[in-house]
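Novice: Take a look at upload.cif, mmCIF, C-alpha atoms:
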```
data_entry
#
loop_
_atom_site.label_atom_id
_atom_site.label_comp_id
_atom_site.auth_asym_id
_atom_site.auth_seq_id
_atom_site.Cartn_x
_atom_site.Cartn_y
_atom_site.Cartn_z
CA MET A 646 0.00 0.00 0.00
CA SER A 647 1.29 3.51 -0.80
CA GLU A 648 2.12 5.97 1.97
CA LEU A 649 -0.79 7.88 3.47
CA VAL A 650 -0.07 11.55 4.00
CA LEU A 651 -3.32 13.52 4.03
CA PHE A 652 -5.20 10.57 5.56
CA LYS A 653 -2.39 9.67 7.95
CA ASN A 654 -4.64 10.44 10.95
CA ARG A 655 -7.88 9.12 9.44
CA ARG A 656 -10.15 7.37 11.92
CA GLU A 657 -13.45 5.57 11.55
CA GLY A 658 -16.44 7.88 11.96
CA ARG A 659 -14.73 10.90 13.55
CA ALA A 660 -12.15 13.61 13.10
CA ALA A 661 -8.69 13.40 14.65
CA THR A 662 -8.49 15.53 17.80
CA PHE A 663 -5.99 18.31 18.45
CA ASP A 664 -4.01 16.06 20.83
CA GLU A 665 -3.93 13.23 18.28
CA TYR A 666 -2.76 15.64 15.58
CA ARG A 667 0.00 17.00 17.86
CA ALA A 668 1.08 13.45 18.77
CA SER A 669 1.56 12.66 15.08
CA GLY A 670 3.86 15.66 14.59
CA GLY A 671 1.18 18.22 13.88
CA TYR A 672 2.06 21.95 14.06
CA GLU A 673 5.80 21.12 14.07
CA ALA A 674 6.15 22.56 10.56
CA LEU A 675 4.49 25.80 11.71
CA ILE A 676 6.69 26.06 14.82
CA ASP A 677 9.81 25.54 12.71
CA ALA A 678 8.69 28.01 10.06
CA VAL A 679 7.86 30.81 12.50
CA LYS A 680 11.06 30.33 14.51
CA ASN A 681 13.59 29.40 11.81
CA ARG A 682 12.36 30.31 8.31
CA THR A 683 11.50 33.54 6.55
CA PRO A 684 8.25 33.84 4.58
CA GLY A 685 10.39 33.79 1.43
CA ASP A 686 11.86 30.44 2.51
CA VAL A 687 8.36 28.95 2.74
CA VAL A 688 7.38 30.26 -0.70
CA ARG A 689 10.62 28.90 -2.21
CA ILE A 690 10.19 25.40 -0.72
CA VAL A 691 6.56 25.13 -1.83
CA THR A 692 7.56 26.33 -5.31
CA GLU A 693 10.36 23.75 -5.56
CA SER A 694 7.98 20.99 -4.42
CA GLY A 695 5.94 21.41 -7.60
CA LEU A 696 2.68 21.49 -5.61
CA ARG A 697 -0.21 22.40 -7.92
CA GLY A 698 -3.74 23.44 -6.97
CA ARG A 699 -5.96 20.47 -6.16
CA GLY A 700 -9.24 22.31 -6.74
CA GLY A 701 -9.19 21.67 -10.48
CA ALA A 702 -7.12 24.41 -12.11
CA GLY A 703 -3.71 22.92 -11.23
CA PHE A 704 -1.97 26.32 -10.97
CA PRO A 705 1.48 26.12 -9.24
CA THR A 706 0.89 27.03 -5.59
CA GLY A 707 4.31 28.58 -4.94
CA ARG A 708 4.00 30.76 -8.01
CA LYS A 709 0.62 32.03 -6.83
CA TRP A 710 2.02 32.86 -3.40
CA GLY A 711 5.06 34.56 -4.92
CA SER A 712 2.81 36.86 -6.99
CA VAL A 713 1.06 38.37 -3.97
CA HIS A 714 1.39 42.12 -4.10
CA GLY A 715 3.00 43.43 -0.92
CA ASP A 716 2.66 47.07 0.17
CA GLY A 717 2.45 46.54 3.92
CA GLY A 718 -1.37 46.60 3.98
CA PRO A 719 -3.82 43.79 4.81
CA ARG A 720 -3.76 40.55 2.82
CA TYR A 721 -6.18 37.63 2.98
CA ILE A 722 -6.33 33.84 2.62
CA LEU A 723 -9.52 32.10 1.45
CA PRO A 724 -9.36 28.31 1.97
CA ASN A 725 -11.78 27.15 -0.69
CA THR A 726 -14.01 24.41 0.75
CA ASP A 727 -16.97 25.18 -1.50
CA GLU A 728 -17.55 21.92 -3.41
CA MET A 729 -20.94 21.22 -4.95
CA GLU A 730 -20.09 19.41 -8.18
CA PRO A 731 -21.77 15.98 -8.51
CA GLY A 732 -19.30 13.26 -7.51
CA THR A 733 -16.88 15.59 -5.70
CA PHE A 734 -16.65 15.30 -1.91
CA LYS A 735 -12.91 15.05 -1.10
CA ASP A 736 -12.59 18.37 0.75
CA ARG A 737 -15.48 17.54 3.01
CA VAL A 738 -13.86 14.19 3.85
CA LEU A 739 -10.54 15.93 4.55
CA VAL A 740 -12.04 18.57 6.85
CA ASN A 741 -13.88 15.87 8.80
CA THR A 742 -10.81 13.62 8.94
CA ASP A 743 -8.01 15.90 10.06
CA PRO A 744 -9.20 19.52 10.53
CA HIS A 745 -5.97 20.69 12.18
CA LEU A 746 -3.95 19.57 9.15
CA VAL A 747 -6.05 21.96 7.06
CA VAL A 748 -5.77 24.72 9.67
CA GLU A 749 -1.97 24.37 9.90
CA GLY A 750 -1.70 24.55 6.11
CA ILE A 751 -3.73 27.77 6.07
CA ILE A 752 -1.59 29.38 8.79
CA LEU A 753 1.58 28.46 6.89
CA ALA A 754 0.14 29.99 3.71
CA ALA A 755 -0.72 33.14 5.66
CA TYR A 756 2.82 33.30 7.06
CA ALA A 757 4.27 32.91 3.56
CA VAL A 758 2.25 35.76 2.00
CA GLY A 759 1.90 38.01 5.06
CA ALA A 760 -1.87 37.57 5.42
CA CYS A 761 -3.67 38.80 8.51
CA HIS A 762 -7.05 37.11 8.10
CA GLY A 763 -8.46 33.88 6.64
CA ILE A 764 -12.09 33.04 5.86
CA PHE A 765 -13.61 29.57 5.41
CA PHE A 766 -16.52 29.74 2.93
CA ILE A 767 -19.05 27.05 3.89
CA ARG A 768 -22.33 26.22 2.11
CA PRO A 769 -25.56 25.47 4.08
CA SER A 770 -25.47 21.73 3.35
CA TYR A 771 -22.03 21.60 5.03
CA GLU A 772 -23.23 23.03 8.36
CA GLN A 773 -21.66 20.16 10.27
CA ASP A 774 -18.28 21.08 8.74
CA ALA A 775 -18.75 24.67 9.90
CA LYS A 776 -19.34 23.50 13.47
CA VAL A 777 -16.30 21.20 13.39
CA LEU A 778 -14.08 23.99 12.09
CA GLU A 779 -15.34 26.56 14.61
CA ARG A 780 -14.66 24.14 17.46
CA GLU A 781 -11.16 23.22 16.28
CA LEU A 782 -10.22 26.83 15.41
CA SER A 783 -11.06 27.76 19.00
CA ILE A 784 -8.76 24.99 20.26
CA ALA A 785 -5.93 26.11 17.96
CA ARG A 786 -6.40 29.70 19.15
CA GLU A 787 -6.17 28.66 22.82
CA ALA A 788 -2.96 26.74 22.02
CA GLY A 789 -1.33 29.87 20.58
CA PHE A 790 -1.35 28.81 16.92
CA LEU A 791 -3.88 31.49 15.93
CA GLY A 792 -4.45 35.07 17.02
CA ARG A 793 -2.02 37.84 17.94
CA ASN A 794 1.73 37.20 18.09
CA ILE A 795 1.61 33.52 17.17
CA LEU A 796 4.20 31.50 19.15
CA GLY A 797 5.63 34.74 20.56
CA SER A 798 6.51 36.13 17.11
CA ASP A 799 5.33 39.33 15.45
CA PHE A 800 3.14 37.23 13.11
CA SER A 801 -0.60 37.63 13.81
CA PHE A 802 -3.32 35.80 11.92
CA ASP A 803 -6.82 34.47 12.59
CA ILE A 804 -9.54 32.54 10.71
CA ASP A 805 -13.33 32.96 10.62
CA VAL A 806 -16.03 30.65 9.25
CA HIS A 807 -18.40 32.32 6.77
CA ARG A 808 -21.72 30.58 6.10
CA SER A 809 -22.80 31.17 2.52
CA ALA A 810 -26.18 30.99 0.79
CA GLY A 811 -24.75 28.20 -1.37
CA ARG A 812 -24.40 28.33 -5.15
CA TYR A 813 -22.09 26.29 -7.39
CA ILE A 814 -20.51 29.40 -8.95
CA CYS A 815 -19.30 30.45 -5.48
CA GLY A 816 -16.60 27.79 -5.79
CA GLU A 817 -15.00 29.96 -8.48
CA ALA A 818 -12.37 32.07 -6.71
CA SER A 819 -13.36 35.55 -7.85
CA ALA A 820 -17.08 34.81 -7.46
CA GLN A 821 -16.35 33.72 -3.88
CA VAL A 822 -14.58 37.02 -3.21
CA ASN A 823 -17.67 38.91 -4.41
CA ALA A 824 -19.98 36.69 -2.34
CA ILE A 825 -18.07 37.34 0.89
CA GLN A 826 -18.35 41.09 0.25
CA GLY A 827 -22.12 40.74 -0.01
CA LYS A 828 -22.18 41.25 -3.78
CA ARG A 829 -23.76 39.08 -6.45
CA PRO A 830 -21.30 36.18 -6.96
CA ASN A 831 -20.32 36.95 -10.53
CA PRO A 832 -16.77 36.01 -11.56
CA ILE A 833 -14.18 38.68 -12.25
CA LYS A 834 -13.00 38.89 -15.85
CA VAL A 835 -9.94 36.83 -16.77
CA GLY A 836 -6.80 38.95 -16.59
CA GLU A 837 -7.56 40.52 -13.23
CA HIS A 838 -5.50 38.88 -10.50
CA LEU A 839 -6.83 38.35 -6.98
CA THR A 840 -3.26 38.32 -5.66
CA GLU A 841 -3.17 42.03 -6.55
CA THR A 842 -6.79 43.09 -6.02
CA GLY A 843 -9.10 40.67 -4.24
CA LEU A 844 -11.16 40.82 -1.07
CA TRP A 845 -12.01 44.47 -0.27
CA GLY A 846 -9.53 45.49 -2.95
CA ARG A 847 -6.61 43.88 -1.15
CA PRO A 848 -4.24 41.04 -2.24
CA THR A 849 -5.97 37.71 -1.67
CA VAL A 850 -4.92 34.08 -2.07
CA VAL A 851 -7.60 31.48 -2.76
CA ASN A 852 -6.37 27.89 -2.34
CA ASN A 853 -8.21 24.60 -2.25
CA VAL A 854 -8.07 22.96 1.20
CA GLU A 855 -6.45 19.78 -0.18
CA THR A 856 -3.66 21.96 -1.59
CA LEU A 857 -3.16 23.69 1.75
CA ALA A 858 -3.18 20.38 3.65
CA SER A 859 -0.11 19.23 1.70
CA VAL A 860 1.98 22.22 2.85
CA PRO A 861 2.82 21.12 6.45
CA HIS A 862 4.09 17.76 5.14
CA ILE A 863 6.24 19.42 2.46
CA LEU A 864 7.90 21.74 4.97
CA LYS A 865 8.40 18.98 7.50
CA ASN A 866 9.67 16.21 5.19
CA GLY A 867 11.29 18.11 2.33
CA VAL A 868 10.93 18.51 -1.41
CA PRO A 869 12.60 15.21 -2.53
CA TRP A 870 10.30 13.22 -0.22
CA PHE A 871 7.20 14.97 -1.58
CA LYS A 872 8.17 14.38 -5.20
CA SER A 873 8.95 10.71 -4.46
CA LEU A 874 5.34 10.12 -3.42
CA ALA A 875 4.02 10.51 -6.97
CA ALA A 876 3.61 7.58 -9.37
CA THR A 877 4.90 9.57 -12.35
CA PRO A 878 8.00 11.81 -12.77
CA GLU A 879 5.75 14.75 -13.67
CA GLY A 880 3.51 14.26 -10.61
CA ASP A 881 3.85 15.67 -7.13
CA GLY A 882 2.78 14.16 -3.81
CA THR A 883 -0.40 12.22 -3.25
CA LYS A 884 -3.95 12.95 -4.43
CA LEU A 885 -7.42 12.40 -3.03
CA TYR A 886 -9.50 10.55 -5.63
CA CYS A 887 -13.30 10.30 -5.18
CA VAL A 888 -14.90 7.26 -6.85
CA SER A 889 -18.68 6.98 -7.32
CA GLY A 890 -21.27 5.53 -9.68
CA MET A 891 -21.57 1.86 -10.66
CA VAL A 892 -18.61 0.60 -8.60
CA GLY A 893 -18.37 -1.88 -5.76
CA ALA A 894 -16.58 0.34 -3.24
CA PRO A 895 -17.37 4.03 -3.74
CA GLY A 896 -15.38 6.37 -1.54
CA CYS A 897 -12.47 8.78 -1.22
CA TYR A 898 -8.99 7.26 -1.65
CA GLU A 899 -5.54 8.79 -1.11
CA LEU A 900 -3.15 7.44 -3.75
CA PRO A 901 0.06 8.58 -5.45
CA MET A 902 -0.52 11.42 -7.91
CA GLY A 903 -0.46 9.78 -11.35
CA THR A 904 -2.09 6.47 -10.41
CA ALA A 905 -3.67 5.00 -13.55
CA LEU A 906 -7.39 5.64 -13.98
CA GLY A 907 -8.16 1.93 -14.36
CA ASP A 908 -6.23 1.04 -11.18
CA ILE A 909 -8.23 3.57 -9.19
CA ILE A 910 -11.54 2.16 -10.42
CA PHE A 911 -10.83 -1.57 -10.50
CA GLU A 912 -8.22 -2.01 -7.74
CA HIS A 913 -9.21 0.60 -5.16
CA GLY A 914 -12.82 1.43 -6.07
CA GLY A 915 -13.92 -2.20 -6.00
CA GLY A 916 -14.42 -2.55 -9.76
CA MET A 917 -17.81 -2.64 -11.42
CA LEU A 918 -20.92 -3.82 -9.58
CA PRO A 919 -21.75 -7.52 -10.20
CA GLY A 920 -23.12 -8.05 -13.69
CA LYS A 921 -22.13 -4.58 -14.89
CA ASP A 922 -19.56 -3.69 -17.56
CA PHE A 923 -17.59 -0.46 -17.74
CA LYS A 924 -18.76 1.95 -20.43
CA ALA A 925 -17.37 5.39 -19.57
CA CYS A 926 -16.46 7.71 -16.73
CA LEU A 927 -16.09 11.36 -15.90
CA PRO A 928 -12.50 11.45 -14.58
CA GLY A 929 -12.45 14.85 -12.91
CA GLY A 930 -15.95 15.53 -11.68
CA ALA A 931 -19.04 16.68 -13.57
CA SER A 932 -17.12 19.38 -15.45
CA SER A 933 -14.73 16.99 -17.19
CA GLY A 934 -15.09 15.04 -20.42
CA LEU A 935 -16.41 11.49 -20.75
CA MET A 936 -13.58 8.96 -21.08
CA PRO A 937 -13.99 5.54 -22.77
CA ALA A 938 -12.42 2.22 -21.73
CA SER A 939 -9.55 2.73 -24.20
CA LEU A 940 -8.17 5.48 -21.91
CA LEU A 941 -8.22 3.56 -18.62
CA HIS A 942 -4.40 3.30 -18.75
CA VAL A 943 -3.90 7.09 -18.54
CA PRO A 944 -2.12 8.28 -15.34
CA MET A 945 -4.30 10.60 -13.30
CA ASP A 946 -2.07 13.66 -13.06
CA PHE A 947 -2.27 17.09 -14.63
CA ASP A 948 0.16 16.62 -17.53
CA ALA A 949 -0.80 13.06 -18.53
CA MET A 950 -4.48 13.97 -18.59
CA LYS A 951 -3.76 17.04 -20.70
CA LYS A 952 -1.83 14.91 -23.21
CA ALA A 953 -4.88 12.64 -23.40
CA GLY A 954 -7.08 15.64 -24.19
CA GLN A 955 -8.69 15.58 -20.76
CA ARG A 956 -8.65 17.55 -17.49
CA LEU A 957 -7.70 16.14 -14.10
CA GLY A 958 -10.20 18.55 -12.54
CA THR A 959 -11.03 17.52 -9.00
CA ALA A 960 -10.01 13.90 -9.78
CA SER A 961 -13.50 12.79 -8.79
CA ILE A 962 -14.34 9.77 -10.94
CA VAL A 963 -17.98 9.06 -11.79
CA VAL A 964 -18.40 5.63 -13.44
CA PHE A 965 -21.16 4.61 -15.89
CA ASP A 966 -22.03 1.09 -17.01
CA GLN A 967 -23.15 -0.24 -20.40
CA GLU A 968 -26.84 0.22 -19.53
CA THR A 969 -26.48 3.94 -18.94
CA CYS A 970 -27.82 6.25 -21.63
CA LEU A 971 -25.00 8.79 -21.98
CA VAL A 972 -27.23 11.29 -23.80
CA GLY A 973 -29.51 11.19 -20.77
CA ALA A 974 -26.55 11.47 -18.40
CA CYS A 975 -25.23 14.55 -20.21
CA LEU A 976 -28.72 16.06 -20.25
CA ASN A 977 -28.85 15.58 -16.49
CA LEU A 978 -25.48 17.31 -16.03
CA ILE A 979 -26.33 20.22 -18.33
CA GLY A 980 -29.56 20.71 -16.38
CA PHE A 981 -27.47 21.07 -13.22
CA PHE A 982 -25.15 23.62 -14.79
CA VAL A 983 -28.00 25.64 -16.32
CA ARG A 984 -29.59 25.90 -12.88
CA GLU A 985 -26.33 26.89 -11.16
CA SER A 986 -25.03 29.41 -13.74
CA CYS A 987 -24.83 33.00 -12.50
CA GLY A 988 -25.92 34.14 -15.98
CA TRP A 989 -23.28 36.86 -16.11
CA CYS A 990 -22.06 36.25 -19.68
CA THR A 991 -23.81 35.21 -22.88
CA PRO A 992 -22.20 31.77 -23.45
CA CYS A 993 -23.37 30.62 -20.03
CA ARG A 994 -26.73 32.40 -19.98
CA GLU A 995 -27.81 31.56 -23.53
CA GLY A 996 -25.49 28.78 -24.69
CA LEU A 997 -25.98 26.22 -21.94
CA PRO A 998 -29.82 26.29 -22.10
CA PHE A 999 -29.57 25.88 -25.88
CA ILE A 1000 -27.32 22.81 -25.49
CA GLN A 1001 -29.83 21.47 -22.98
CA GLU A 1002 -32.68 22.02 -25.46
CA VAL A 1003 -30.89 20.20 -28.31
CA LEU A 1004 -29.96 17.25 -26.08
CA TRP A 1005 -33.55 17.12 -24.87
CA ARG A 1006 -34.85 16.90 -28.43
CA ILE A 1007 -32.41 14.08 -29.24
CA GLU A 1008 -33.32 12.17 -26.08
CA GLN A 1009 -37.03 12.55 -26.83
CA GLY A 1010 -36.68 11.24 -30.39
CA GLU A 1011 -37.09 14.61 -32.02
CA GLY A 1012 -33.45 15.10 -32.97
CA GLU A 1013 -32.09 15.49 -36.50
CA GLU A 1014 -28.65 14.80 -38.00
CA ARG A 1015 -27.90 18.54 -38.19
CA ASP A 1016 -28.27 18.77 -34.40
CA ILE A 1017 -24.89 17.08 -33.96
CA GLU A 1018 -23.08 19.84 -35.86
CA LEU A 1019 -25.25 22.43 -34.09
CA LEU A 1020 -24.07 21.05 -30.76
CA ARG A 1021 -20.43 21.20 -31.85
CA GLU A 1022 -20.73 24.83 -32.96
CA THR A 1023 -22.40 25.86 -29.71
CA LEU A 1024 -19.90 23.95 -27.57
CA ASP A 1025 -17.06 25.81 -29.31
CA LEU A 1026 -18.57 29.14 -28.28
CA MET A 1027 -18.34 28.25 -24.58
CA ARG A 1028 -14.65 29.22 -24.56
CA TYR A 1029 -15.67 32.88 -24.83
CA SER A 1030 -17.22 32.92 -21.36
CA TYR A 1031 -15.95 35.05 -18.46
CA CYS A 1032 -14.77 32.12 -16.34
CA ALA A 1033 -14.25 28.36 -16.55
CA PHE A 1034 -17.87 27.54 -15.70
CA ALA A 1035 -19.24 27.27 -19.27
CA PRO A 1036 -16.26 25.32 -20.75
CA GLY A 1037 -16.48 22.94 -17.79
CA ALA A 1038 -20.21 22.48 -18.21
CA ALA A 1039 -19.68 21.72 -21.90
CA ALA A 1040 -16.92 19.15 -21.30
CA PRO A 1041 -19.16 16.05 -20.78
CA VAL A 1042 -21.05 16.81 -24.02
CA GLU A 1043 -17.78 17.30 -25.90
CA GLY A 1044 -16.68 13.85 -24.66
CA LEU A 1045 -20.06 12.43 -25.69
CA LEU A 1046 -19.56 13.60 -29.28
CA ARG A 1047 -15.87 12.65 -29.37
CA TYR A 1048 -16.20 9.07 -28.14
CA PHE A 1049 -19.88 8.14 -28.24
CA GLU A 1050 -21.24 9.89 -31.33
CA ASP A 1051 -22.68 6.56 -32.53
CA GLU A 1052 -24.93 6.50 -29.47
CA VAL A 1053 -26.19 10.00 -30.26
CA ARG A 1054 -26.83 9.04 -33.90
CA GLU A 1055 -28.72 5.94 -32.76
CA HIS A 1056 -31.12 8.16 -30.77
CA ILE A 1057 -31.72 10.17 -33.95
CA ARG A 1058 -32.05 7.11 -36.22
CA ILE A 1059 -34.67 5.28 -34.14
CA LYS A 1060 -36.30 8.54 -32.99
CA GLY A 1061 -35.99 7.77 -29.29
CA CYS A 1062 -33.77 6.45 -26.54
CA PRO A 1063 -32.29 3.06 -27.58
CA PHE A 1064 -32.18 1.88 -23.99
CA SER A 1065 -34.99 -0.29 -22.65
CA ALA A 1066 -37.51 0.81 -20.05
CA SER A 1067 -35.63 -1.29 -17.49
CA ALA A 1068 -32.40 0.59 -18.12
CA ARG A 1069 -31.27 3.17 -15.61
CA CYS A 1070 -32.06 6.62 -16.87
CA LEU A 1071 -30.17 9.67 -15.67
CA SER A 1072 -31.84 12.30 -17.81
CA ALA A 1073 -32.91 15.57 -16.27
CA PRO A 1074 -36.39 17.07 -16.21
CA ALA A 1075 -37.49 18.94 -19.29
CA PRO A 1076 -36.05 22.38 -20.00
CA SER A 1077 -38.10 25.16 -18.47
CA THR A 1078 -39.94 25.84 -21.74
CA ASP A 1079 -41.68 22.47 -21.31
CA ALA A 1080 -42.20 22.83 -17.59
CA GLU A 1081 -45.98 22.97 -17.89
CA ASP A 1082 -46.13 19.70 -19.82
CA PRO A 1083 -46.55 16.87 -17.25
CA ALA A 1084 -45.55 14.24 -19.79
CA ALA A 1085 -42.34 16.05 -20.64
CA ARG A 1086 -41.36 16.23 -16.97
CA GLU A 1087 -41.27 12.44 -16.86
CA GLY A 1088 -37.98 12.58 -18.76
CA CYS A 1089 -36.47 9.51 -20.36
CA ASP A 1090 -39.34 7.27 -19.33
CA LEU A 1091 -41.42 9.12 -21.91
CA SER A 1092 -38.94 8.29 -24.66
CA THR A 1093 -38.83 4.63 -23.74
CA ARG A 1094 -42.62 4.38 -23.70
CA ARG A 1095 -42.80 6.16 -27.02
CA GLN A 1096 -40.37 3.63 -28.40
CA GLU A 1097 -42.40 0.73 -27.02
CA GLY A 1098 -45.67 2.18 -28.23
#
```
Once more with this new file: its structure as C-alpha cells, please.
Specialist:
Amino acid sequence: MSELVLFKNRREGRAATFDEYRASGGYEALIDAVKNRTPGDVVRIVTESGLRGRGGAGFPTGRKWGSVHGDGGPRYILPNTDEMEPGTFKDRVLVNTDPHLVVEGIILAAYAVGACHGIFFIRPSYEQDAKVLERELSIAREAGFLGRNILGSDFSFDIDVHRSAGRYICGEASAQVNAIQGKRPNPIKVGEHLTETGLWGRPTVVNNVETLASVPHILKNGVPWFKSLAATPEGDGTKLYCVSGMVGAPGCYELPMGTALGDIIFEHGGGMLPGKDFKACLPGGASSGLMPASLLHVPMDFDAMKKAGQRLGTASIVVFDQETCLVGACLNLIGFFVRESCGWCTPCREGLPFIQEVLWRIEQGEGEERDIELLRETLDLMRYSYCAFAPGAAAPVEGLLRYFEDEVREHIRIKGCPFSASARCLSAPAPSTDAEDPAAREGCDLSTRRQEG
C-alpha cells in the first residue's frame, strides 16, 4: 500500500483531535517556520515541491504565493471548501478527517504571504463542517497557533467561518470574493488577479483545502520526499480521488498522484458492480469530459491527462455502465449547470440552455442529424465565457460527441432512446420551456414508452 499523507490520521467515523494531531507531529512545521524560516523560505520550498492546486485548475501554488502584491497593507487567505459538483466530496472528507492539518496549512500559507485574516466559505449543506471547524479553530487559538503574536513572534493571523447561501458558482475564486463582500457572486473577468486586487480590494490568495493540507508535510519532510510520493515523474505528492457511480466500493482514496485511472476504479474502487460492464467515466468531476475504456491506462495527473485531451479537474471519478444512456446522463449534467449558472455572460446564460434544449430533443426522439453539428458549434462558443464555468459544463457533451457519437446518432435514427424501459435513466427534467407539460417532466421514461408504443 502507498504511503498515506493527508489521511495519515484518518479514523473511523470521527475527526482526529488536536491532541492526536500533535502526537503525530502536527504543528511542528508551523513552529519551525515561524522560529527558523522567513516567509520567502516557505514560498521557495513550496515552489520547488511542484505542488499544484488540487481544486481543479492545477496552478502552481508557490508561483501564486510569490505573486502576492506586498505594500504593507492587509492581505487575505480564502481556503476554498466550496464543493458542490456531482461526484466531488474530497474536501469535506478531509475537513472531517483531520481539521488541524487543514488549519496548519492555512496558517503556513498566511505566514508565507503576510496575510492577517483567513475566511472559510461554507455552504448550508455543510453546516456540520462549519461547526467542526469553529470548534477546532477555538482549540488552535487557545494553544497559541492562531491570534495575535503567534508563538511569541510578530506574526498575527486568525480565521473565521463564513456561512454562505450556497451556489455552485461560489466555488470559483473571484465569485467567492464577491460573495463574501455581499455582492452578487459573478466572476471577475480573466486577466484581473486576486493576488493584486481581491477581497475588499486587497491582495488575496484562494487555495483549495487539499492543496493547503499538503503544505505542512512538504515543509516537515522536504521537497525530494514529496516528489517521491508521486507515481509519475511529472507528478507531485499524493492525491485524493473520489470514486462513485456503478462501482463496488465508492469512496475517497488517497493514492500517489499519477495512479492509472483503471487502477483507481478496478483495484481501489472495488471494480464494477456484479453483472455490470464499464462503459465510460467522468474522470475529474461533472465538469470533465467522458472517457472511454480505451483510456483507462492514462495516469491521473495534470500533464498526462492534458496529453490525453482531458482535465484532471477535482479527480473525482464518476463511473457509468453499459446500460447507462449517456445522452440522458449529459442532459442531467447540463440541467445542473443551467440551474447553477450566474448568468453573467452570454455563453453561459444563452449557450448552456440551448445545449440542454438540443440534447432534450435528441433524447425525446425529435433530434435530427444537423443537431450534432449544431451542438459542436455551440460547444465551441463556450470558450468565450468570463470564467471556466461554461467550458467545464460543456466538457461532458464534448466527450459524448468525441467518443460516443454513434450512441447520439442511434437516438436520432430510431427517434428515441435506444435503452430499454428497465435501463437506468439519468436524464434531467425537461427544460423550463416544457415545464408545464406533465408528460415532458417524466424525462427519459417518456422516450422509452414512445419507443415501445
Novice: Could you state which residues are captured by the PyMOL selection byres ((chain A and resi 777) around 12) in this file, as an NGL selection string?
Specialist: :A and (659-663 or 737 or 739-745 or 748 or 765 or 767 or 771-776 or 778-784 or 806)
Novice: Quick one: of A:Cys970, A:Gly934, A:Asp1025, A:Phe1064, who's nearest to Pro1041 in chain A, counting all atoms listed in the file?
Specialist: A:Gly934
Novice: What do you get, as an mmCIF file with C-alpha atoms, in the frame of the given file, if you spell out every residue that the PyMOL selection byres ((chain A and resi 841-855) around 9) selects here?
Specialist:
```cif
data_model
loop_
_atom_site.group_PDB
_atom_site.id
_atom_site.type_symbol
_atom_site.label_atom_id
_atom_site.label_comp_id
_atom_site.auth_asym_id
_atom_site.auth_seq_id
_atom_site.Cartn_x
_atom_site.Cartn_y
_atom_site.Cartn_z
ATOM 1 C CA LEU A 651 -3.320 13.520 4.030
ATOM 2 C CA GLY A 698 -3.740 23.440 -6.970
ATOM 3 C CA ARG A 699 -5.960 20.470 -6.160
ATOM 4 C CA GLY A 700 -9.240 22.310 -6.740
ATOM 5 C CA GLY A 701 -9.190 21.670 -10.480
ATOM 6 C CA THR A 706 0.890 27.030 -5.590
ATOM 7 C CA LYS A 709 0.620 32.030 -6.830
ATOM 8 C CA TRP A 710 2.020 32.860 -3.400
ATOM 9 C CA SER A 712 2.810 36.860 -6.990
ATOM 10 C CA VAL A 713 1.060 38.370 -3.970
ATOM 11 C CA HIS A 714 1.390 42.120 -4.100
ATOM 12 C CA GLY A 715 3.000 43.430 -0.920
ATOM 13 C CA GLY A 718 -1.370 46.600 3.980
ATOM 14 C CA PRO A 719 -3.820 43.790 4.810
ATOM 15 C CA ARG A 720 -3.760 40.550 2.820
ATOM 16 C CA TYR A 721 -6.180 37.630 2.980
ATOM 17 C CA ILE A 722 -6.330 33.840 2.620
ATOM 18 C CA LEU A 723 -9.520 32.100 1.450
ATOM 19 C CA PRO A 724 -9.360 28.310 1.970
ATOM 20 C CA ASN A 725 -11.780 27.150 -0.690
ATOM 21 C CA THR A 726 -14.010 24.410 0.750
ATOM 22 C CA ASP A 727 -16.970 25.180 -1.500
ATOM 23 C CA LYS A 735 -12.910 15.050 -1.100
ATOM 24 C CA ASP A 736 -12.590 18.370 0.750
ATOM 25 C CA LEU A 739 -10.540 15.930 4.550
ATOM 26 C CA VAL A 740 -12.040 18.570 6.850
ATOM 27 C CA VAL A 747 -6.050 21.960 7.060
ATOM 28 C CA VAL A 748 -5.770 24.720 9.670
ATOM 29 C CA GLY A 750 -1.700 24.550 6.110
ATOM 30 C CA ILE A 751 -3.730 27.770 6.070
ATOM 31 C CA ALA A 754 0.140 29.990 3.710
ATOM 32 C CA ALA A 755 -0.720 33.140 5.660
ATOM 33 C CA VAL A 758 2.250 35.760 2.000
ATOM 34 C CA ALA A 760 -1.870 37.570 5.420
ATOM 35 C CA ALA A 818 -12.370 32.070 -6.710
ATOM 36 C CA SER A 819 -13.360 35.550 -7.850
ATOM 37 C CA VAL A 822 -14.580 37.020 -3.210
ATOM 38 C CA ASN A 823 -17.670 38.910 -4.410
ATOM 39 C CA ILE A 825 -18.070 37.340 0.890
ATOM 40 C CA GLN A 826 -18.350 41.090 0.250
ATOM 41 C CA GLU A 837 -7.560 40.520 -13.230
ATOM 42 C CA HIS A 838 -5.500 38.880 -10.500
ATOM 43 C CA LEU A 839 -6.830 38.350 -6.980
ATOM 44 C CA THR A 840 -3.260 38.320 -5.660
ATOM 45 C CA THR A 856 -3.660 21.960 -1.590
ATOM 46 C CA LEU A 857 -3.160 23.690 1.750
ATOM 47 C CA ALA A 858 -3.180 20.380 3.650
ATOM 48 C CA SER A 859 -0.110 19.230 1.700
ATOM 49 C CA LYS A 884 -3.950 12.950 -4.430
ATOM 50 C CA LEU A 885 -7.420 12.400 -3.030
#
```
Novice: In Å, rounded to a single decimal, give me how far CA of Phe982 in chain A is from CA of Glu1043 in chain A.
Specialist: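 Pair CA of Glu1043 in chain A / CA of Phe982 in chain A returns 14.8 Å.
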Novice: Report as a PDB file with C-alpha atoms, in the frame of the given file all protein, DNA and RNA residues lying within 10 Å of Ser647 in chain A, evaluated on only C-alpha atoms, omitting residues in the same chain fewer than 2 positions from it.
Specialist:
```
ATOM      1  CA  LEU A 649      -0.790   7.880   3.470  1.00  0.00           C
ATOM      2  CA  VAL A 650      -0.070  11.550   4.000  1.00  0.00           C
ATOM      3  CA  LEU A 874       5.340  10.120  -3.420  1.00  0.00           C
ATOM      4  CA  ALA A 875       4.020  10.510  -6.970  1.00  0.00           C
ATOM      5  CA  ALA A 876       3.610   7.580  -9.370  1.00  0.00           C
ATOM      6  CA  THR A 883      -0.400  12.220  -3.250  1.00  0.00           C
ATOM      7  CA  GLU A 899      -5.540   8.790  -1.110  1.00  0.00           C
ATOM      8  CA  LEU A 900      -3.150   7.440  -3.750  1.00  0.00           C
ATOM      9  CA  PRO A 901       0.060   8.580  -5.450  1.00  0.00           C
TER      10      PRO A 901
END
```
